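Here's the structure, in structure tokens; my notes come after.
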Amino acid sequence: DVSGGDRHWPSTLMTLFFGLALGAVLTVSARDLLTGSRPSGGQRDPRTQALQALDQLYAEELHQRGEAKEFYRRSSDTVRQYVETLDRRWSRAWTSTELMGDLAGRARAPATDDLDRTMARAEAVKFGGVRPTAPEAESDWKVMRAWIQESPLEAESAGDAVRSDSHRGSS
């Protein structure tokens, strides 16, 4: 009997309450997904996150302790993560060479040639067995950090790709 009087009312009320709560959560989540809004949650912008990650990495002094491979892996990953926020098309599936090549096509990208050389060296360190000295690693870290710091390019906001003409063209 589905609608009879032998129903356990506390269970019925709890089922109704939790069903409505689940429906509300799904409605809000679907609305946020469709409108592209993201919860703020006090999150920092991608540039600040990248700069802080690089600063923390530098403070760990991996390059001073002879752990160049890990130092370059983490620093280049930080740059990649930042660059990937600049355009929706860029993703983890792209190689560093592809990312740097497409990035070089954007106008006003500061010192992209220096960044390109540094990212190529990072690939050689990570995969080719190249082991730079601590001063060389520090110099490369400075190039990565300076590029992120000085980059006039902005990360996508609310899921929209950066498309203004001031960000396109040749460098």
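Chains: A, B, ... in order of the structure tokens. Residues: from 1 per chain. Ligands: from 1, in order shown.
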
task: Identify, on the basis of only C-alpha atoms, every residue whose closest approach to A:Thr97 does not exceed 9 Å; exclude the query and any residue fewer than 3 positions from it along the same chain; express the result as a PyMOL selection string.
output: chain A and resi 94+100-102+116+119-120

Using only C-alpha atoms, please write the residues we just selected to a file, as an mmCIF file, in the first residue's frame.
data_model
loop_
_atom_site.group_PDB
_atom_site.id
_atom_site.type_symbol
_atom_site.label_atom_id
_atom_site.label_comp_id
_atom_site.auth_asym_id
_atom_site.auth_seq_id
_atom_site.Cartn_x
_atom_site.Cartn_y
_atom_site.Cartn_z
ATOM 1 C CA TRP A 94 49.711 20.082 -25.664
ATOM 2 C CA MET A 100 55.241 28.087 -26.499
ATOM 3 C CA GLY A 101 54.765 28.239 -30.282
ATOM 4 C CA ASP A 102 51.138 29.308 -29.983
ATOM 5 C CA ASP A 116 60.716 29.523 -24.998
ATOM 6 C CA MET A 119 61.062 25.868 -21.318
ATOM 7 C CA ALA A 120 63.136 23.983 -23.927
#

query: Between A:Lys126, A:Thr85, A:Leu103, A:Thr15, which is the closest to A:Glu70 once you count only C-alpha atoms?
result: A:Lys126

task: Using atom CA of A:Lys69 and atom CA of A:Leu54 as the two end points, give the distance in Å to one decimal.
output: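 It comes out at 15.0 Å.
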
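With distances taken over only C-alpha atoms, A:Ser75 is the one residue among A:Glu98, A:Ser75, A:Thr12, A:Asp6 lying closest to A:Tyr58.
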
message: I'd like the contact shell of A:Ala53 - 10 Å cut-off, only C-alpha atoms, skipping same-chain residues fewer than 6 positions apart - returned as a ChimeraX atom specification.
response: /A:47,59,74-75,78-79,145
